[in-house]
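upload_16.csv (CSV, C-alpha atoms) appears below.
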```
chain,number,residue,atom,x,y,z
A,1,LEU,CA,237.4,130.9,67.6
A,2,LEU,CA,240.7,132.4,68.7
A,3,LEU,CA,241.0,134.0,72.1
A,4,VAL,CA,244.1,136.0,72.9
A,5,LEU,CA,244.7,137.5,76.3
A,6,PHE,CA,247.0,140.4,76.8
A,7,THR,CA,248.8,141.5,80.0
A,8,PRO,CA,249.6,145.1,80.6
A,9,ASP,CA,253.2,144.4,79.6
A,10,ASP,CA,251.9,143.0,76.3
A,11,LEU,CA,250.0,146.3,75.7
A,12,LEU,CA,253.2,148.2,76.2
A,13,HIS,CA,255.4,146.1,74.1
A,14,CYS,CA,253.0,144.8,71.4
A,15,ALA,CA,255.0,143.4,68.5
A,16,GLY,CA,254.2,144.9,65.1
A,17,HIS,CA,253.3,148.3,66.5
A,18,ARG,CA,255.8,151.1,65.9
A,19,SER,CA,254.7,153.1,69.0
A,20,TYR,CA,254.8,152.0,72.6
A,21,PRO,CA,254.9,153.9,75.8
A,22,THR,CA,258.2,155.5,76.4
A,23,MET,CA,257.8,154.9,80.1
A,24,LYS,CA,258.4,151.2,81.1
A,25,LYS,CA,256.0,149.5,83.4
A,26,GLU,CA,258.5,149.8,86.3
A,27,ASP,CA,258.9,153.5,85.6
A,28,VAL,CA,255.2,154.1,85.6
A,29,LEU,CA,254.7,152.3,88.9
A,30,THR,CA,257.8,153.9,90.6
A,31,GLN,CA,256.7,157.4,89.6
A,32,PHE,CA,253.1,156.7,90.6
A,33,LYS,CA,254.2,155.5,94.1
A,34,ALA,CA,256.6,158.4,94.4
A,35,ILE,CA,253.8,161.0,93.7
A,36,LEU,CA,251.5,159.3,96.2
A,37,HIS,CA,254.3,159.2,98.8
A,38,ASP,CA,255.3,162.9,98.3
A,39,ASP,CA,251.7,164.0,98.8
A,40,PRO,CA,249.7,161.7,101.1
A,41,ASN,CA,246.6,163.8,100.6
A,42,MET,CA,246.6,163.2,96.9
A,43,SER,CA,244.1,160.7,95.6
A,44,PRO,CA,245.3,157.8,93.4
A,45,ALA,CA,243.2,159.2,90.6
A,46,VAL,CA,245.0,162.5,90.6
A,47,ALA,CA,248.4,160.8,90.8
A,48,ALA,CA,247.4,158.7,87.8
A,49,VAL,CA,246.5,161.8,85.8
A,50,LYS,CA,249.9,163.3,86.7
A,51,ILE,CA,251.5,160.1,85.3
A,52,LEU,CA,249.5,160.5,82.1
A,53,SER,CA,250.7,164.1,81.8
A,54,LEU,CA,254.3,162.9,82.3
A,55,TYR,CA,253.7,160.3,79.6
A,56,ILE,CA,252.5,162.9,77.1
A,57,GLN,CA,255.7,164.9,77.7
A,58,GLN,CA,258.0,161.8,77.2
A,59,SER,CA,256.0,160.1,74.4
A,60,ASP,CA,257.5,159.5,71.0
A,61,ALA,CA,254.2,158.6,69.5
A,62,GLY,CA,253.9,159.8,65.9
A,63,THR,CA,250.1,160.3,65.8
A,64,LEU,CA,247.3,161.3,68.2
A,65,GLN,CA,245.8,157.8,67.8
A,66,GLU,CA,249.1,156.2,68.9
A,67,LEU,CA,249.4,158.5,71.8
A,68,THR,CA,245.8,157.8,73.0
A,69,ARG,CA,246.3,154.0,72.6
A,70,ASP,CA,249.5,154.1,74.6
A,71,MET,CA,247.9,156.3,77.3
A,72,LYS,CA,245.3,153.6,77.7
A,73,GLY,CA,248.1,151.1,78.1
A,74,VAL,CA,249.6,153.2,80.9
A,75,THR,CA,246.1,153.4,82.5
A,76,GLU,CA,245.9,149.6,82.4
A,77,ILE,CA,249.2,149.3,84.3
A,78,LEU,CA,248.1,151.8,86.9
A,79,MET,CA,244.7,150.0,87.4
A,80,ALA,CA,246.5,146.7,87.8
A,81,SER,CA,248.8,148.1,90.5
A,82,THR,CA,246.4,149.7,92.9
A,83,VAL,CA,243.6,148.8,95.2
A,84,ALA,CA,241.9,152.1,94.0
A,85,ALA,CA,241.6,150.7,90.4
A,86,VAL,CA,238.1,152.1,90.0
A,87,SER,CA,239.2,155.6,91.1
A,88,VAL,CA,242.3,155.4,88.8
A,89,GLU,CA,240.2,154.3,85.8
A,90,SER,CA,237.6,157.0,86.3
A,91,GLY,CA,240.2,159.7,86.7
A,92,CYS,CA,242.1,158.6,83.6
A,93,GLU,CA,239.0,158.3,81.5
A,94,LEU,CA,237.9,161.8,82.6
A,95,PHE,CA,241.3,163.1,81.9
A,96,LEU,CA,241.4,161.6,78.4
A,97,ARG,CA,238.0,162.9,77.5
A,98,PHE,CA,238.8,166.4,78.8
A,99,ILE,CA,242.1,166.8,77.0
A,100,THR,CA,240.7,165.5,73.7
A,101,LEU,CA,237.5,167.5,73.8
A,102,THR,CA,238.8,170.1,71.4
A,103,SER,CA,239.4,169.5,67.8
A,104,LEU,CA,243.1,168.9,67.3
A,105,ASP,CA,243.3,169.8,63.6
A,106,ASN,CA,247.0,170.5,63.6
A,107,PRO,CA,248.9,167.7,61.8
A,108,ASP,CA,252.0,168.4,63.9
A,109,ILE,CA,252.0,165.9,66.7
A,110,ASP,CA,254.3,168.1,68.8
A,111,GLN,CA,251.8,171.0,68.6
A,112,CYS,CA,249.0,168.5,69.6
A,113,LYS,CA,251.0,167.3,72.6
A,114,LYS,CA,251.5,170.9,73.7
A,115,LYS,CA,247.8,171.6,73.4
A,116,LEU,CA,247.0,168.3,75.3
A,117,LEU,CA,249.5,169.3,78.1
A,118,GLU,CA,247.8,172.8,78.4
A,119,ARG,CA,244.4,171.1,78.7
A,120,GLY,CA,245.9,168.6,81.2
A,121,ASP,CA,247.2,171.5,83.4
A,122,MET,CA,243.8,173.0,83.3
A,123,PHE,CA,242.2,169.7,84.3
A,124,MET,CA,244.6,169.3,87.2
A,125,LYS,CA,243.8,172.8,88.5
A,126,PHE,CA,240.1,172.1,88.2
A,127,ALA,CA,240.5,168.7,90.0
A,128,SER,CA,242.5,170.2,92.8
A,129,LYS,CA,239.8,172.8,93.5
A,130,SER,CA,237.0,170.3,93.4
A,131,ARG,CA,237.4,168.7,96.8
A,132,GLY,CA,237.2,172.1,98.5
A,133,THR,CA,234.3,173.2,96.4
A,134,ILE,CA,232.3,170.0,97.2
A,135,ALA,CA,233.1,170.4,100.9
A,136,GLU,CA,232.0,174.0,100.9
A,137,LYS,CA,228.7,173.4,99.2
A,138,GLY,CA,227.9,170.1,100.8
A,139,ALA,CA,228.6,171.1,104.4
A,140,ASN,CA,225.3,173.0,104.5
A,141,PHE,CA,223.4,169.8,104.0
A,142,LEU,CA,224.8,168.1,107.1
A,143,ARG,CA,223.0,168.8,110.4
A,144,ASP,CA,224.3,168.3,113.9
A,145,GLY,CA,223.6,164.7,115.1
A,146,ALA,CA,223.3,163.4,111.5
A,147,VAL,CA,224.4,159.8,110.9
A,148,ILE,CA,226.6,159.4,107.8
A,149,LEU,CA,227.2,156.0,106.3
A,150,THR,CA,230.0,155.7,103.8
A,151,HIS,CA,231.1,152.8,101.7
A,152,SER,CA,234.8,153.4,102.0
A,153,TYR,CA,237.3,156.1,102.9
A,154,SER,CA,236.9,159.2,100.7
A,155,ARG,CA,239.0,162.3,101.0
A,156,VAL,CA,236.2,164.4,99.6
A,157,VAL,CA,233.7,163.0,102.2
A,158,MET,CA,236.2,163.5,105.0
A,159,GLN,CA,236.8,167.2,104.0
A,160,LEU,CA,233.0,167.7,103.8
A,161,ILE,CA,232.4,166.3,107.3
A,162,LEU,CA,235.3,168.4,108.7
A,163,LYS,CA,233.9,171.5,107.0
A,164,ALA,CA,230.4,170.8,108.4
A,165,ALA,CA,231.8,170.2,111.9
A,166,ALA,CA,233.6,173.5,111.8
A,167,MET,CA,230.5,175.5,110.9
```

Would you mind giving the structure from this file in structure tokens?
Amino acid sequence: LLLVLFTPDDLLHCAGHRSYPTMKKEDVLTQFKAILHDDPNMSPAVAAVKILSLYIQQSDAGTLQELTRDMKGVTEILMASTVAAVSVESGCELFLRFITLTSLDNPDIDQCKKKLLERGDMFMKFASKSRGTIAEKGANFLRDGAVILTHSYSRVVMQLILKAAAM
């Protein structure tokens, strides 16, 4: 039995594979922190999705399979760097599923990347509207004097409570 453990750096620079993420680990983390710093209201999951979109733009992967594999490596780096690892993982997984839902029959990887970026933009617009939509619909379920127990801080729950209080 042979057990081999890989670190996120190993995933990025795996010997024997032609493709590896164009963005280095330090670049991924620096840009991730910069995005969060520039917009304190942005969730780590949304910031991670922005990083994946940037990666698609910069990637030199030759196939869709290589691109997907490398994006998973970037996701691993992001998950290892944040206390919101579950949020980041969920956001990245949803993003990967969403952008690859359609059949990408075009053999030209540049055309595939263009299509992925278009779907990524659509995902980001949808995600940015979601918090407001949830607050709008959920506020009707909260009554004056209600006790609300939360497990941790959530921007969505906070916006929902503020919306209910304003009604």

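Between Val28 (chain A) and the candidates A:Ala45, A:Ala61, A:Leu117, A:Leu78, the tightest atom-to-atom separation, counting all atoms listed in the file, involves A:Leu78.
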
Record the distance separating CA of Ala80 (chain A) and CA of Ser152 (chain A), expressed in Å with one decimal. 19.6 Å

Within 9 Å of Gly91 (chain A), counting only C-alpha atoms, which residues qualify if same-chain residues fewer than 5 places away don't, as a ChimeraX atom specification? /A:44-46,48-49,86,96

Nearest to Phe32 (chain A) by atom-to-atom distance, counting only C-alpha atoms, from A:Lys72, A:Met79, A:Ile161, A:Glu136: A:Met79

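The space between CA of Thr100 (chain A) and CA of Leu116 (chain A) spans 7.1 Å.
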
Residues at most 10 Å from Phe141 (chain A), counting all atoms listed in the file, excluding those fewer than 3 positions away in the same chain, as a VMD selection string? chain A and resid 137 to 138 146 160 164

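For the residues A:Met158, A:Leu52, A:Val74, A:Leu64, ranking by smallest atom-to-atom distance to Phe95 (chain A) using all atoms listed in the file places A:Leu52 first.
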
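CA of Ile56 (chain A) to CA of Gly120 (chain A) spans 9.6 Å [interatomic distance, one decimal].
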
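Residues within 8 Å of region 155-157 of chain A, counting only C-alpha atoms and excluding same-chain residues fewer than 4 positions away, are Asn41, Ser43, Arg131, Gly132, Ile134, Ala135 and Ile161 of chain A.
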
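Checking A:Leu162, A:Leu149, A:Ala139, A:Cys112 one by one against Thr63 (chain A), counting only C-alpha atoms, you find the shortest gap at A:Cys112.
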
With only C-alpha atoms as the atoms that count, which of A:Met167, A:Thr75, A:Met124, A:Thr68 lies nearest to Met42 (chain A)? A:Met124

Counting all atoms listed in the file, what is within 10 Å of Leu67 (chain A), bar same-chain residues fewer than 3 positions away, as a ChimeraX atom specification? /A:19-21,55-56,59-64,70-73,109,113

Atoms to include: C-alpha atoms. Write the selected residues as an mmCIF file, keeping the file's coordinate frame.
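Final output, selection.cif:
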```cif
data_model
loop_
_atom_site.group_PDB
_atom_site.id
_atom_site.type_symbol
_atom_site.label_atom_id
_atom_site.label_comp_id
_atom_site.auth_asym_id
_atom_site.auth_seq_id
_atom_site.Cartn_x
_atom_site.Cartn_y
_atom_site.Cartn_z
ATOM 1 C CA SER A 19 254.700 153.100 69.000
ATOM 2 C CA TYR A 20 254.800 152.000 72.600
ATOM 3 C CA PRO A 21 254.900 153.900 75.800
ATOM 4 C CA TYR A 55 253.700 160.300 79.600
ATOM 5 C CA ILE A 56 252.500 162.900 77.100
ATOM 6 C CA SER A 59 256.000 160.100 74.400
ATOM 7 C CA ASP A 60 257.500 159.500 71.000
ATOM 8 C CA ALA A 61 254.200 158.600 69.500
ATOM 9 C CA GLY A 62 253.900 159.800 65.900
ATOM 10 C CA THR A 63 250.100 160.300 65.800
ATOM 11 C CA LEU A 64 247.300 161.300 68.200
ATOM 12 C CA ASP A 70 249.500 154.100 74.600
ATOM 13 C CA MET A 71 247.900 156.300 77.300
ATOM 14 C CA LYS A 72 245.300 153.600 77.700
ATOM 15 C CA GLY A 73 248.100 151.100 78.100
ATOM 16 C CA ILE A 109 252.000 165.900 66.700
ATOM 17 C CA LYS A 113 251.000 167.300 72.600
#
```

Gln31 (chain A) environment, 10 Å, only C-alpha atoms, sequence neighbours closer than 5 positions dropped, as JSON, numbers by chain: {"A": [23, 26, 36, 37, 47, 48, 50, 51, 54]}
